[in-house]
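**Q** Provided below: final_24.pdb, containing PDB, C-alpha atoms.
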```pdb
ATOM      1  CA  MET A   1     -30.687 -19.227   9.039
ATOM      2  CA  PRO A   2     -31.001 -17.948   5.465
ATOM      3  CA  ALA A   3     -28.206 -18.990   3.113
ATOM      4  CA  THR A   4     -27.224 -15.398   2.307
ATOM      5  CA  THR A   5     -26.659 -14.562   5.987
ATOM      6  CA  ALA A   6     -24.481 -17.635   6.490
ATOM      7  CA  ALA A   7     -22.478 -16.691   3.399
ATOM      8  CA  GLU A   8     -22.086 -13.131   4.668
ATOM      9  CA  GLU A   9     -20.856 -14.383   8.046
ATOM     10  CA  THR A  10     -18.341 -16.673   6.329
ATOM     11  CA  GLN A  11     -17.180 -13.735   4.213
ATOM     12  CA  THR A  12     -16.839 -11.522   7.311
ATOM     13  CA  GLY A  13     -14.903 -14.224   9.182
ATOM     14  CA  TRP A  14     -12.571 -14.666   6.229
ATOM     15  CA  LEU A  15     -11.987 -10.905   6.000
ATOM     16  CA  VAL A  16     -11.179 -10.683   9.725
ATOM     17  CA  LEU A  17      -8.734 -13.588   9.370
ATOM     18  CA  LEU A  18      -7.140 -11.954   6.336
ATOM     19  CA  CYS A  19      -6.706  -8.628   8.128
ATOM     20  CA  LEU A  20      -5.233 -10.356  11.201
ATOM     21  CA  ALA A  21      -2.749 -12.250   9.019
ATOM     22  CA  ALA A  22      -1.892  -9.051   7.110
ATOM     23  CA  TRP A  23      -1.261  -7.248  10.405
ATOM     24  CA  ALA A  24       0.726 -10.061  12.052
ATOM     25  CA  VAL A  25       3.056 -10.694   9.118
ATOM     26  CA  PRO A  26       3.664  -7.652   6.880
ATOM     27  CA  GLY A  27       2.699  -8.541   3.305
ATOM     28  CA  ALA A  28       0.908 -11.779   4.259
ATOM     29  CA  GLY A  29      -2.463 -10.369   3.194
ATOM     30  CA  HIS A  30      -1.244  -9.553  -0.308
ATOM     31  CA  LEU A  31       0.522 -12.913  -0.606
ATOM     32  CA  TRP A  32      -2.714 -14.634   0.450
ATOM     33  CA  LEU A  33      -4.632 -12.716  -2.213
ATOM     34  CA  GLY A  34      -2.131 -13.720  -4.899
ATOM     35  CA  ARG A  35      -0.373 -10.338  -5.183
ATOM     36  CA  ARG A  36       3.026 -11.905  -4.766
ATOM     37  CA  SER A  37       5.322  -9.067  -5.867
ATOM     38  CA  LYS A  38       3.564  -6.527  -3.627
ATOM     39  CA  GLY A  39       3.487  -8.972  -0.724
ATOM     40  CA  LEU A  40       7.199  -9.710  -1.048
ATOM     41  CA  VAL A  41       8.087  -6.007  -1.100
ATOM     42  CA  PHE A  42       6.117  -5.450   2.122
ATOM     43  CA  LEU A  43       7.492  -8.650   3.676
ATOM     44  CA  ILE A  44      11.058  -7.453   3.169
ATOM     45  CA  ALA A  45      10.798  -3.651   3.465
ATOM     46  CA  LEU A  46       8.644  -3.251   6.592
ATOM     47  CA  PRO A  47      10.431  -5.679   8.954
ATOM     48  CA  LEU A  48      13.751  -4.278   7.672
ATOM     49  CA  MET A  49      12.619  -0.756   8.478
ATOM     50  CA  PHE A  50      11.491  -1.932  11.931
ATOM     51  CA  ALA A  51      14.833  -3.700  12.536
ATOM     52  CA  MET A  52      16.700  -0.550  11.517
ATOM     53  CA  GLY A  53      14.654   1.402  14.051
ATOM     54  CA  LEU A  54      15.777  -1.012  16.761
ATOM     55  CA  ALA A  55      19.394  -0.843  15.560
ATOM     56  CA  LEU A  56      19.223   2.970  15.734
ATOM     57  CA  HIS A  57      18.376   2.692  19.472
ATOM     58  CA  GLY A  58      14.714   3.537  19.018
ATOM     59  CA  ARG A  59      12.242   2.779  21.783
ATOM     60  CA  LEU A  60       9.176   0.554  21.708
ATOM     61  CA  PHE A  61       6.860   2.787  23.704
ATOM     62  CA  PRO A  62       4.753   1.365  26.567
ATOM     63  CA  PHE A  63       0.957   1.657  26.730
ATOM     64  CA  ASP A  64       0.918   4.486  29.243
ATOM     65  CA  VAL A  65      -2.619   5.901  29.323
ATOM     66  CA  SER A  66      -1.543   8.866  31.454
ATOM     67  CA  GLU A  67       0.659  10.050  28.553
ATOM     68  CA  TRP A  68      -1.578   9.918  25.489
ATOM     69  CA  LEU A  69       1.203  10.754  23.002
ATOM     70  CA  VAL A  70       3.247   7.831  24.364
ATOM     71  CA  CYS A  71       0.139   5.648  24.103
ATOM     72  CA  LEU A  72      -0.380   6.681  20.464
ATOM     73  CA  ALA A  73       3.272   5.895  19.709
ATOM     74  CA  ALA A  74       2.778   2.465  21.332
ATOM     75  CA  VAL A  75      -0.250   1.805  19.099
ATOM     76  CA  ALA A  76       1.834   2.757  16.055
ATOM     77  CA  ASP A  77       4.670   0.477  17.214
ATOM     78  CA  VAL A  78       2.291  -2.504  17.573
ATOM     79  CA  GLY A  79       1.084  -1.856  14.016
ATOM     80  CA  ILE A  80       4.029  -3.856  12.670
ATOM     81  CA  GLY A  81       2.553  -7.079  14.129
ATOM     82  CA  LEU A  82       4.642 -10.112  15.105
ATOM     83  CA  PRO A  83       8.051  -8.382  14.782
ATOM     84  CA  TYR A  84       6.976  -6.115  17.672
ATOM     85  CA  PHE A  85       6.288  -9.054  19.983
ATOM     86  CA  ILE A  86       9.473 -10.865  18.899
ATOM     87  CA  ALA A  87      11.544  -7.740  19.592
ATOM     88  CA  LYS A  88       9.865  -7.304  23.000
ATOM     89  CA  ALA A  89      10.418 -10.980  23.889
ATOM     90  CA  LEU A  90      14.108 -10.722  22.950
ATOM     91  CA  GLY A  91      14.536  -7.592  25.069
ATOM     92  CA  TYR A  92      15.014  -5.119  22.225
ATOM     93  CA  GLY A  93      13.394  -1.711  21.980
ATOM     94  CA  GLY A  94      14.508  -0.319  25.330
ATOM     95  CA  GLY A  95      15.703   2.844  23.593
ATOM     96  CA  ASP A  96      18.747   4.933  24.438
ATOM     97  CA  VAL A  97      17.962   8.644  24.723
ATOM     98  CA  ARG A  98      21.682   9.446  24.791
ATOM     99  CA  ALA A  99      22.175   7.979  21.307
ATOM    100  CA  VAL A 100      22.403  10.496  18.455
ATOM    101  CA  THR A 101      20.087   8.310  16.399
ATOM    102  CA  TYR A 102      17.400   7.860  19.098
ATOM    103  CA  GLU A 103      14.789  10.080  17.429
ATOM    104  CA  TYR A 104      15.493   8.565  14.029
ATOM    105  CA  GLY A 105      15.079   5.110  15.537
ATOM    106  CA  ASN A 106      11.698   6.111  16.945
ATOM    107  CA  ALA A 107      10.654   7.527  13.558
ATOM    108  CA  PHE A 108      11.611   4.265  11.814
ATOM    109  CA  LEU A 109       9.734   2.124  14.381
ATOM    110  CA  ILE A 110       6.579   4.245  14.430
ATOM    111  CA  VAL A 111       6.382   4.753  10.661
ATOM    112  CA  ALA A 112       7.037   1.053   9.950
ATOM    113  CA  GLY A 113       4.016   0.219  12.148
ATOM    114  CA  LEU A 114       1.808   2.860  10.543
ATOM    115  CA  LEU A 115       2.800   1.773   7.032
ATOM    116  CA  ASN A 116       1.885  -1.814   7.909
ATOM    117  CA  LEU A 117      -1.558  -0.633   9.019
ATOM    118  CA  LEU A 118      -1.926   1.063   5.613
ATOM    119  CA  VAL A 119      -0.915  -2.222   3.981
ATOM    120  CA  VAL A 120      -3.627  -4.024   6.001
ATOM    121  CA  ILE A 121      -6.241  -1.531   4.757
ATOM    122  CA  ASP A 122      -4.980  -2.022   1.196
ATOM    123  CA  ALA A 123      -5.294  -5.820   1.542
ATOM    124  CA  TYR A 124      -8.859  -5.322   2.832
ATOM    125  CA  ASP A 125      -9.702  -3.170  -0.206
ATOM    126  CA  VAL A 126      -8.205  -5.757  -2.558
ATOM    127  CA  ALA A 127     -10.201  -8.535  -0.865
ATOM    128  CA  LEU A 128     -13.426  -6.550  -1.340
ATOM    129  CA  GLY A 129     -12.602  -6.031  -5.017
ATOM    130  CA  ARG A 130     -12.270  -2.263  -4.708
ATOM    131  CA  LYS A 131      -8.777  -2.356  -6.248
TER     132      LYS A 131
ATOM    133  CA  MET B   1      25.382   5.077  10.966
ATOM    134  CA  GLN B   2      25.038   8.605  12.322
ATOM    135  CA  SER B   3      24.827  10.708   9.178
ATOM    136  CA  HIS B   4      21.659  12.772   9.295
ATOM    137  CA  LEU B   5      21.443  12.956   5.488
ATOM    138  CA  LEU B   6      22.001   9.213   5.050
ATOM    139  CA  LEU B   7      19.327   8.318   7.622
ATOM    140  CA  LEU B   8      16.931  10.782   6.026
ATOM    141  CA  THR B   9      17.611   9.234   2.614
ATOM    142  CA  VAL B  10      17.062   5.669   3.859
ATOM    143  CA  PHE B  11      13.841   6.718   5.612
ATOM    144  CA  ALA B  12      12.573   8.482   2.464
ATOM    145  CA  PHE B  13      13.443   5.407   0.381
ATOM    146  CA  PHE B  14      11.406   3.012   2.543
ATOM    147  CA  VAL B  15       8.385   5.300   2.796
ATOM    148  CA  SER B  16       8.407   6.043  -0.957
ATOM    149  CA  LEU B  17       8.775   2.340  -1.775
ATOM    150  CA  VAL B  18       5.807   1.262   0.336
ATOM    151  CA  PHE B  19       3.574   4.140  -0.806
ATOM    152  CA  ALA B  20       4.403   3.511  -4.474
ATOM    153  CA  VAL B  21       3.645  -0.214  -4.172
ATOM    154  CA  ILE B  22       0.363   0.492  -2.348
ATOM    155  CA  ALA B  23      -0.798   3.254  -4.690
ATOM    156  CA  LYS B  24       0.109   1.833  -8.108
ATOM    157  CA  ASP B  25      -0.245  -1.602  -9.691
ATOM    158  CA  ASP B  26       1.922  -1.240 -12.790
ATOM    159  CA  TRP B  27       5.686  -1.600 -12.290
ATOM    160  CA  HIS B  28       6.529   1.478 -14.389
ATOM    161  CA  GLU B  29       3.974   3.607 -12.581
ATOM    162  CA  GLN B  30       5.335   2.427  -9.241
ATOM    163  CA  LEU B  31       8.852   3.416 -10.283
ATOM    164  CA  ARG B  32       7.705   6.831 -11.517
ATOM    165  CA  PHE B  33       5.537   7.567  -8.478
ATOM    166  CA  GLY B  34       8.152   6.264  -6.036
ATOM    167  CA  SER B  35      10.971   8.249  -7.667
ATOM    168  CA  MET B  36       8.945  11.453  -7.599
ATOM    169  CA  MET B  37       8.011  10.922  -3.963
ATOM    170  CA  PHE B  38      11.588  10.078  -2.991
ATOM    171  CA  GLY B  39      12.880  13.179  -4.800
ATOM    172  CA  GLY B  40      10.187  15.282  -3.174
ATOM    173  CA  PHE B  41      11.175  14.045   0.283
ATOM    174  CA  LEU B  42      14.849  14.838  -0.268
ATOM    175  CA  LEU B  43      14.246  18.193  -1.945
ATOM    176  CA  SER B  44      11.802  19.397   0.711
ATOM    177  CA  ALA B  45      14.155  18.274   3.507
ATOM    178  CA  LEU B  46      17.087  20.155   1.946
ATOM    179  CA  VAL B  47      15.013  23.293   1.263
ATOM    180  CA  LEU B  48      13.514  23.299   4.769
ATOM    181  CA  GLY B  49      16.963  22.643   6.246
ATOM    182  CA  TRP B  50      18.414  25.683   4.507
ATOM    183  CA  LEU B  51      15.377  27.831   5.344
ATOM    184  CA  MET B  52      15.842  26.968   9.020
ATOM    185  CA  TYR B  53      19.590  27.579   8.871
ATOM    186  CA  PRO B  54      19.433  31.263   9.949
ATOM    187  CA  ILE B  55      17.083  30.494  12.839
ATOM    188  CA  PRO B  56      19.083  30.472  16.077
ATOM    189  CA  LEU B  57      18.536  27.523  18.393
TER     190      LEU B  57
END
```
Starting from the coordinates I provided, produce the structure as structure tokens.
**A**
Amino acid sequence: MPATTAAEETQTGWLVLLCLAAWAVPGAGHLWLGRRSKGLVFLIALPLMFAMGLALHGRLFPFDVSEWLVCLAAVADVGIGLPYFIAKALGYGGGDVRAVTYEYGNAFLIVAGLLNLLVVIDAYDVALGRK
Amino acid sequence: MQSHLLLLTVFAFFVSLVFAVIAKDDWHEQLRFGSMMFGGFLLSALVLGWLMYPIPL
């Protein structure tokens, strides 16, 4: 195998690992790349926003392929990474449609996930030297 | 916490914060961009709220 191909594969593997870490723990990608202040802001703000969504009786939507809007909301929810799985394991995210804040809770949960996906893309760009 | 305005403000704060930190590298630019975005969120929400006020539901 030529040396350049091996180097490219190592680079690709490292990028995949970086993106997975950035997705799993909000801000981890930036912290890994040495952008400490940015990483800390994401590490605090995004899980806090997600926790507020849960506290506001928001729902972690199921992957229901028969309802594509629900499925899209579920994808957005998972975007936050590990906090999603921790919340699910602890039994949070059932949602309470009778609560006044239900829709706000959903907005917080979904947008926190989507913002984390943006943060992952930003970490990818930083790793490639585009920023 | 059930105040619509307070929840809207907190939501706008978080979104503006993350967008400003993603988009800008310099601290002063982040503050400027984030403040403008936050103000834009609040202003547009208030204007749209009042524009929708006469619409019967």
**Q** Mind running chain B against region 30-38 of chain A at 10 Å and telling me each contacting residue's nearest atom pair with the distance in Å (one decimal), counting all atoms listed in the file, chain and number ascending, as a tab-separated table?
**A**
```
residue	atom	partner	partner_atom	distance
B:Val18	CA	A:Lys38	CA	9.0
B:Val21	CA	A:Lys38	CA	6.3
B:Ile22	CA	A:Lys38	CA	7.8
B:Asp25	CA	A:Lys38	CA	8.7
B:Trp27	CA	A:Ser37	CA	9.9
```
**Q** Mind pulling up the distance from CA of Leu46 (chain A) to CA of Val78 (chain A)?
**A**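 Between these atoms lies a distance of 12.7 Å.
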**Q** Which distance in Å separates CA of Ala55 (chain A) and CA of Ala21 (chain A), to one decimal?
**A**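 Going from CA of Ala55 (chain A) over to CA of Ala21 (chain A), I get 25.8 Å.
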**Q** Could you tell me which residues the ChimeraX specification (/B :<12) & /A returns for this structure, as an NGL selection string?
**A** :A and (26-27 or 30 or 35-50 or 52-53 or 55-57 or 99-123 or 125-126 or 131)
**Q** What's around Cys71 (chain A) at 10 Å? Count all atoms listed in the file, leave out sequence neighbours fewer than 6 positions away in its own chain, and write the answer as a ChimeraX atom specification.
**A** /A:61-65,77
